[in-house]
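Here is the file my_file-v1.cif (mmCIF, C-alpha atoms).
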```
data_entry
#
loop_
_atom_site.label_atom_id
_atom_site.label_comp_id
_atom_site.auth_asym_id
_atom_site.auth_seq_id
_atom_site.Cartn_x
_atom_site.Cartn_y
_atom_site.Cartn_z
CA MET A 93 75.92 3.37 42.27
CA SER A 94 77.40 0.43 44.17
CA GLU A 95 80.61 -1.32 43.17
CA LEU A 96 78.66 -4.49 42.38
CA GLN A 97 76.26 -2.68 40.05
CA VAL A 98 79.11 -1.00 38.16
CA ALA A 99 81.03 -4.28 37.89
CA SER A 100 77.89 -6.04 36.63
CA ARG A 101 77.36 -3.42 33.94
CA TYR A 102 80.91 -3.74 32.67
CA ALA A 103 80.59 -7.54 32.75
CA LYS A 104 77.33 -7.39 30.78
CA SER A 105 78.95 -5.16 28.15
CA LEU A 106 81.87 -7.57 27.84
CA ILE A 107 79.48 -10.52 27.45
CA ASP A 108 77.57 -8.69 24.74
CA LEU A 109 80.77 -7.83 22.86
CA ALA A 110 82.25 -11.32 23.21
CA THR A 111 78.97 -12.87 22.03
CA GLU A 112 78.86 -10.53 19.05
CA GLN A 113 82.46 -11.41 18.15
CA LYS A 114 81.75 -15.15 18.72
CA VAL A 115 84.51 -15.52 21.33
CA LEU A 116 82.38 -15.79 24.48
CA ASP A 117 83.79 -19.13 25.67
CA GLN A 118 87.37 -17.98 25.06
CA VAL A 119 86.81 -14.73 26.96
CA GLN A 120 85.21 -16.65 29.82
CA GLU A 121 88.28 -18.90 30.13
CA GLN A 122 90.47 -15.81 30.21
CA MET A 123 88.33 -14.16 32.88
CA LEU A 124 88.74 -17.34 34.94
CA LEU A 125 92.50 -17.06 34.39
CA PHE A 126 92.44 -13.41 35.49
CA VAL A 127 90.51 -14.25 38.68
CA GLN A 128 92.87 -17.13 39.43
CA VAL A 129 95.96 -14.95 38.93
CA CYS A 130 94.46 -12.26 41.18
CA HIS A 131 93.77 -14.80 43.94
CA GLU A 132 97.28 -16.23 43.67
CA ASN A 133 98.89 -12.76 43.53
CA PRO A 134 97.22 -10.29 45.88
CA GLU A 135 99.97 -7.83 44.93
CA LEU A 136 98.35 -7.46 41.50
CA VAL A 137 95.03 -6.53 43.11
CA ALA A 138 96.86 -4.07 45.38
CA VAL A 139 98.49 -2.42 42.35
CA LEU A 140 95.14 -2.13 40.56
CA LYS A 141 93.47 -0.59 43.62
CA ASN A 142 96.31 1.81 44.45
CA PRO A 143 95.36 5.35 43.38
CA ILE A 144 98.99 6.52 43.56
CA ILE A 145 100.16 4.20 40.77
CA SER A 146 99.70 5.83 37.37
CA LEU A 147 97.22 4.49 34.85
CA ASP A 148 100.04 3.83 32.36
CA LYS A 149 101.89 1.67 34.89
CA LYS A 150 98.73 -0.29 35.66
CA VAL A 151 98.18 -0.93 31.95
CA ALA A 152 101.84 -1.94 31.60
CA VAL A 153 101.53 -4.40 34.50
CA LEU A 154 98.40 -5.98 33.00
CA GLN A 155 100.01 -6.17 29.57
CA GLY A 156 103.11 -7.72 31.09
CA VAL A 157 101.16 -10.37 32.93
CA PHE A 158 98.43 -11.12 30.39
CA GLY A 159 99.46 -9.41 27.11
CA SER A 160 99.68 -12.19 24.51
CA LYS A 161 97.86 -14.75 26.67
CA VAL A 162 94.45 -13.14 26.26
CA HIS A 163 92.20 -12.17 23.36
CA LYS A 164 92.35 -8.60 22.06
CA ILE A 165 88.87 -7.98 23.50
CA VAL A 166 90.13 -8.84 26.98
CA ASN A 167 93.19 -6.62 26.54
CA ALA A 168 90.95 -3.78 25.34
CA PHE A 169 88.67 -4.37 28.35
CA PHE A 170 91.63 -4.10 30.73
CA VAL A 171 92.86 -0.89 29.09
CA LEU A 172 89.36 0.64 29.06
CA MET A 173 88.76 -0.14 32.74
CA VAL A 174 92.12 1.29 33.78
CA ASN A 175 91.79 4.43 31.62
CA LYS A 176 88.28 5.07 33.02
CA GLY A 177 89.75 4.96 36.53
CA ARG A 178 88.02 1.66 37.24
CA ALA A 179 91.09 -0.57 37.66
CA ALA A 180 89.96 -1.43 41.19
CA LEU A 181 86.80 -2.93 39.66
CA LEU A 182 88.61 -5.32 37.32
CA LEU A 183 88.41 -8.27 39.72
CA PRO A 184 84.75 -7.69 40.70
CA SER A 185 83.92 -7.21 36.99
CA ALA A 186 85.66 -10.47 36.08
CA LYS A 187 83.72 -12.30 38.81
CA ALA A 188 80.47 -10.70 37.63
CA PHE A 189 81.33 -11.76 34.07
CA ILE A 190 81.81 -15.37 35.17
CA ALA A 191 78.50 -15.37 37.07
CA ALA A 192 76.69 -13.80 34.11
CA TYR A 193 78.28 -16.30 31.73
CA GLN A 194 77.14 -19.19 33.89
CA ALA A 195 73.61 -17.79 34.05
CA TYR A 196 73.60 -17.23 30.27
CA LYS A 197 74.74 -20.80 29.60
CA GLY A 198 72.51 -22.35 32.29
CA ILE A 199 75.51 -23.59 34.26
CA VAL A 200 74.84 -24.27 37.93
CA ILE A 201 77.45 -24.80 40.63
CA ALA A 202 76.33 -27.53 43.02
CA LYS A 203 78.34 -27.80 46.23
CA VAL A 204 78.16 -31.11 48.06
CA LYS A 205 79.54 -31.71 51.52
CA ALA A 206 79.65 -35.39 52.48
CA ALA A 207 81.16 -37.57 55.19
CA SER A 208 83.23 -39.46 52.63
CA ALA A 209 84.06 -39.29 48.94
CA LEU A 210 81.05 -39.72 46.66
CA ASN A 211 81.04 -42.61 44.21
CA ASP A 212 80.19 -42.04 40.54
CA ASP A 213 76.63 -43.27 41.02
CA ALA A 214 75.94 -40.76 43.79
CA LYS A 215 77.46 -37.95 41.72
CA LYS A 216 75.25 -38.86 38.74
CA GLN A 217 72.14 -38.88 40.95
CA ILE A 218 72.98 -35.47 42.41
CA ILE A 219 73.66 -34.03 38.95
CA ALA A 220 70.34 -35.45 37.71
CA LEU A 221 68.54 -33.90 40.70
CA VAL A 222 70.08 -30.49 40.02
CA LYS A 223 69.31 -30.74 36.28
CA SER A 224 65.67 -31.48 37.15
CA MET A 225 65.63 -28.02 38.75
CA GLY A 226 66.27 -26.47 35.32
CA ALA A 227 70.04 -26.44 34.89
CA ASN A 228 71.58 -27.13 31.49
CA GLU A 229 74.95 -28.07 32.93
CA VAL A 230 76.03 -28.84 36.48
CA VAL A 231 79.48 -28.29 37.93
CA LEU A 232 79.80 -30.45 41.03
CA GLU A 233 82.13 -29.25 43.79
CA THR A 234 82.58 -31.81 46.54
CA THR A 235 84.15 -31.49 49.97
CA ILE A 236 84.59 -34.11 52.65
CA ASP A 237 83.37 -33.26 56.16
CA PRO A 238 83.42 -36.15 58.64
CA ALA A 239 81.20 -34.11 61.00
CA THR A 240 78.23 -34.85 58.73
CA ILE A 241 78.48 -38.46 60.01
CA GLY A 242 76.64 -39.78 56.95
CA GLY A 243 74.62 -38.45 54.04
CA PHE A 244 75.34 -35.10 52.43
CA VAL A 245 74.51 -31.41 52.27
CA LEU A 246 73.73 -30.09 48.78
CA GLN A 247 73.86 -26.36 48.11
CA VAL A 248 72.70 -24.88 44.81
CA GLY A 249 72.68 -21.10 44.80
CA ASP A 250 70.73 -20.00 47.87
CA LYS A 251 68.95 -23.35 48.26
CA GLN A 252 70.21 -26.08 50.54
CA LEU A 253 69.21 -29.70 51.01
CA ASP A 254 70.49 -31.28 54.22
CA ALA A 255 70.31 -35.07 54.04
CA THR A 256 72.86 -35.82 56.77
CA LEU A 257 72.50 -38.31 59.58
CA ARG A 258 73.64 -35.60 61.96
CA THR A 259 70.62 -33.42 61.12
CA LYS A 260 68.23 -36.39 61.31
CA MET A 261 69.66 -37.35 64.71
CA ASN A 262 69.27 -33.77 65.97
CA LYS A 263 65.62 -33.71 64.84
CA LEU A 264 64.98 -37.02 66.55
CA LYS A 265 66.62 -35.73 69.72
CA LYS A 266 64.39 -32.64 69.72
CA GLU A 267 61.30 -34.77 69.22
CA PHE A 268 62.25 -36.95 72.20
CA GLU A 269 62.92 -33.87 74.34
CA GLN A 270 59.53 -32.38 73.45
CA LYS A 271 57.67 -35.62 74.24
CA VAL A 272 59.49 -36.09 77.53
CA VAL A 273 58.72 -32.52 78.63
CA ALA A 274 55.05 -32.77 77.59
#
```

Re-express the file's structure as structure tokens.
Amino acid sequence: MSELQVASRYAKSLIDLATEQKVLDQVQEQMLLFVQVCHENPELVAVLKNPIISLDKKVAVLQGVFGSKVHKIVNAFFVLMVNKGRAALLLPSAKAFIAAYQAYKGIVIAKVKAASALNDDAKKQIIALVKSMGANEVVLETTIDPATIGGFVLQVGDKQLDATLRTKMNKLKKEFEQKVVA
């Protein structure tokens, strides 16, 4: 079984347990914290992946870093994963949990790349467009890319809408080239 499948199964179990205990939102925030700490401290990920480090030391490290900051379900999840020899899958499981949580809640991440900062009106229109696709909630992530010249590129999941002047100019250029050659 692939690492992603195993991580997804653990994440699904954690979602089910957190939902049953009515602490799903709290656990999700703590999984976000765990992912953030792992990205800021690659040494933690290295410790979790290292087969030479004992399981007890891995648990002690996690308890030292997160101990009282996380819900008992999250602590139990960490201990279970480490004791099952799956410490290396903690980060992928946390990411799978976040993705599953977002799917469960109907939260969609919309990434917008624009030539300049978007005003509030443009943001509201993009959010409305994404919601019309079936999202309950939209998290808008914007980046500025002067190479787009004007307009924007919207990416939602595996779908992309390119409404940039650069793309329109390239299409126009191709049309002119085809008509000149013909």

message: I'd like to know which of A:Asp117, A:Glu95, A:Asp250, A:Glu269 is closest to Lys197 in chain A, using all atoms listed in the file.
response: A:Asp117

task: Excluding Gly159 in chain A and any residue of its chain fewer than 3 positions from it, enumerate the residues within 12 Å of it, using all atoms listed in the file, and give them as number ranges by chain.
output: A: 122, 126, 151-156, 162-171

Output C-alpha atoms for every residue in that selection, as a short mmCIF file (atom, residue, chain, number, x, y, z; two decimals), in the frame of the given file.
```cif
data_model
loop_
_atom_site.label_atom_id
_atom_site.label_comp_id
_atom_site.auth_asym_id
_atom_site.auth_seq_id
_atom_site.Cartn_x
_atom_site.Cartn_y
_atom_site.Cartn_z
CA GLN A 122 90.47 -15.81 30.21
CA PHE A 126 92.44 -13.41 35.49
CA VAL A 151 98.18 -0.93 31.95
CA ALA A 152 101.84 -1.94 31.60
CA VAL A 153 101.53 -4.40 34.50
CA LEU A 154 98.40 -5.98 33.00
CA GLN A 155 100.01 -6.17 29.57
CA GLY A 156 103.11 -7.72 31.09
CA VAL A 162 94.45 -13.14 26.26
CA HIS A 163 92.20 -12.17 23.36
CA LYS A 164 92.35 -8.60 22.06
CA ILE A 165 88.87 -7.98 23.50
CA VAL A 166 90.13 -8.84 26.98
CA ASN A 167 93.19 -6.62 26.54
CA ALA A 168 90.95 -3.78 25.34
CA PHE A 169 88.67 -4.37 28.35
CA PHE A 170 91.63 -4.10 30.73
CA VAL A 171 92.86 -0.89 29.09
#
```

- request: Could you state which residues are captured by the PyMOL selection byres ((chain A and resi 133-145) around 8) in this file, as a ChimeraX atom specification?
  value: /A:129-132,146-147,149-150,179-180,182-183

message: On this structure, the PyMOL selection byres ((chain A and resi 229) around 7) would catch which residues? List them as a list in words, sorted by chain and number.
response: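 Checking the PyMOL selection byres ((chain A and resi 229) around 7) against this file, the residues are Gly198, Ile199, Val200, Ala227, Asn228, Val230 and Val231 of chain A.
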
- prompt: Which is closest to Tyr193 in chain A among A:Ser105, A:Gln120, A:Ser94, A:Thr259, if we use all atoms listed in the file?
  reply: A:Gln120

- request: Kindly give the distance, in Å, that separates CA of Ser224 in chain A and CA of Ile201 in chain A, rounded to a single decimal.
  value: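 Distance between the two atoms: 14.0 Å.
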
- request: Grab the CA of Leu116 in chain A to CA of Ser185 in chain A distance for me, in Å with one decimal place.
  value: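 CA of Leu116 in chain A sits 15.2 Å away from CA of Ser185 in chain A.
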
query: Could you work out how far CA of Gln128 in chain A lies from CA of Val157 in chain A, giving the answer in Å with one decimal?
result: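 Taking CA of Val157 in chain A and CA of Gln128 in chain A, their separation equals 12.5 Å.
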
- request: Might you spell out which residues the PyMOL selection byres ((chain A and resi 214-221) around 10) would select in the displayed file, as a list in words?
  value: Val200, Ala202, Val204, Ala209, Leu210, Asn211, Asp212, Asp213, Val222, Lys223, Ser224, Met225, Gly226, Ala227, Glu229, Val230, Val231, Leu232, Thr234 and Leu246 of chain A

Exercise: residues within 10 Å of coordinate (85.2, -11.3, 40.0), counting only C-alpha atoms, as a PDB file with C-alpha atoms, keeping the file's coordinate frame:
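Output below, filename result06.pdb:
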```
ATOM      1  CA  LEU A  96      78.660  -4.490  42.380  1.00  0.00           C
ATOM      2  CA  ALA A  99      81.030  -4.280  37.890  1.00  0.00           C
ATOM      3  CA  SER A 100      77.890  -6.040  36.630  1.00  0.00           C
ATOM      4  CA  ALA A 103      80.590  -7.540  32.750  1.00  0.00           C
ATOM      5  CA  MET A 123      88.330 -14.160  32.880  1.00  0.00           C
ATOM      6  CA  LEU A 124      88.740 -17.340  34.940  1.00  0.00           C
ATOM      7  CA  PHE A 126      92.440 -13.410  35.490  1.00  0.00           C
ATOM      8  CA  VAL A 127      90.510 -14.250  38.680  1.00  0.00           C
ATOM      9  CA  GLN A 128      92.870 -17.130  39.430  1.00  0.00           C
ATOM     10  CA  CYS A 130      94.460 -12.260  41.180  1.00  0.00           C
ATOM     11  CA  LEU A 181      86.800  -2.930  39.660  1.00  0.00           C
ATOM     12  CA  LEU A 182      88.610  -5.320  37.320  1.00  0.00           C
ATOM     13  CA  LEU A 183      88.410  -8.270  39.720  1.00  0.00           C
ATOM     14  CA  PRO A 184      84.750  -7.690  40.700  1.00  0.00           C
ATOM     15  CA  SER A 185      83.920  -7.210  36.990  1.00  0.00           C
ATOM     16  CA  ALA A 186      85.660 -10.470  36.080  1.00  0.00           C
ATOM     17  CA  LYS A 187      83.720 -12.300  38.810  1.00  0.00           C
ATOM     18  CA  ALA A 188      80.470 -10.700  37.630  1.00  0.00           C
ATOM     19  CA  PHE A 189      81.330 -11.760  34.070  1.00  0.00           C
ATOM     20  CA  ILE A 190      81.810 -15.370  35.170  1.00  0.00           C
ATOM     21  CA  ALA A 191      78.500 -15.370  37.070  1.00  0.00           C
TER      22      ALA A 191
END
```

Box time for range 112-127 of chain A: axis-aligned, enclosing all its listed atoms, 4 Å extra on each side; report centre and edge lengths in Å to one decimal, as AutoDock Vina command-line options.
```
--center_x 85.7 --center_y -14.8 --center_z 28.4 --size_x 21.6 --size_y 16.6 --size_z 28.5
```

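Shortest separation to Ala195 in chain A among A:Thr240, A:Lys271, A:Gly249, A:Ala110 occurs at residue A:Gly249, atoms counted being only C-alpha atoms.
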